[in-house]
Amino acid sequence: MKSYKYYDLIMALFVAVVLISNIASSAKIIDWGLPPVLGLSLSFDAGTLLFPISYIFGDILTEVYGYRRSRRVIWTGFAAAGLMSATFGLIRQLPGEASWQGYAGDGAYDAILGGVSSGGIIIASLVAYLIGEFSNSFVLAKMKVAMQGRHLWMRTIGSTLVGEGIDSIVFVTIASAFGVFPWEIALSLIVSNYIFKVFIEAIMTPVTYRVIAFLKQAEHEDYYDTDTDFNPFRLKSHPAA
């Protein structure tokens, strides 16, 4: 295995973004009072503020290290999110101390953190996360080979249009089916989440360019997935370069 200076750091930051976003999504729905688009209110779950950063990390990982190493990071984030959900679920079942019940209580816990451990939002977030992240990484890797490494901005934004679109639709649809969100706001959440996520990717493009350029030089790596097995369930990484 080839050794890298920053791969583990990017993995840690990626996983942190995924976990924080999941908690924030359960905690609050945000409405900035912006004018509606096509008659739809632009409200969104709070996790949307940070979650687009995970797609930027996904772009960086795939562009520099390749799809297979990105795949390992995606599965690491999935496992961490599953562990977080199981932990909050266990805490939810344990009896609360008397004074804590007085100033907070199980009702407050269920209202804020219950979603992190409830089946609906966890299934929605994990399924949407896997499909969206792998779609994003796959599209970027294929576009890089097809474009022979040119037009990075087109690859990062193009892959995000696909990945974030799938993620938003799958997450809100499954969560609404489980009663996490009312169906009345489902379409508004999908549209507003998608617009906001793509907007973040677009305005962060100059930063993405700089980080990718730095990593390619520091790591002496610029991987092209010309012979990659894109099966998302294979965890074996690259042979040593």
# chains A, B, ... in the order shown; residues from 1 in each chain; ligands from 1
>>> residues_around(residues="Ile203 in chain A", least_positions_apart="5", cutoff="12 Å", atoms="only C-alpha atoms", output="PyMOL selection string")
chain A and resi 52-53+56+153+156-157+196-198+208-209
>>> residues_around(residues="Leu90 in chain A", least_positions_apart="3", cutoff="12 Å", atoms="only C-alpha atoms", output="NGL selection string")
:A and (83-87 or 93-95 or 113-114 or 116-118)
>>> select_by_dssp(residues="range 10-87 of chain A", states="strand (DSSP E)", output="JSON, numbers by chain")
{"A": [29, 30, 44, 45]}
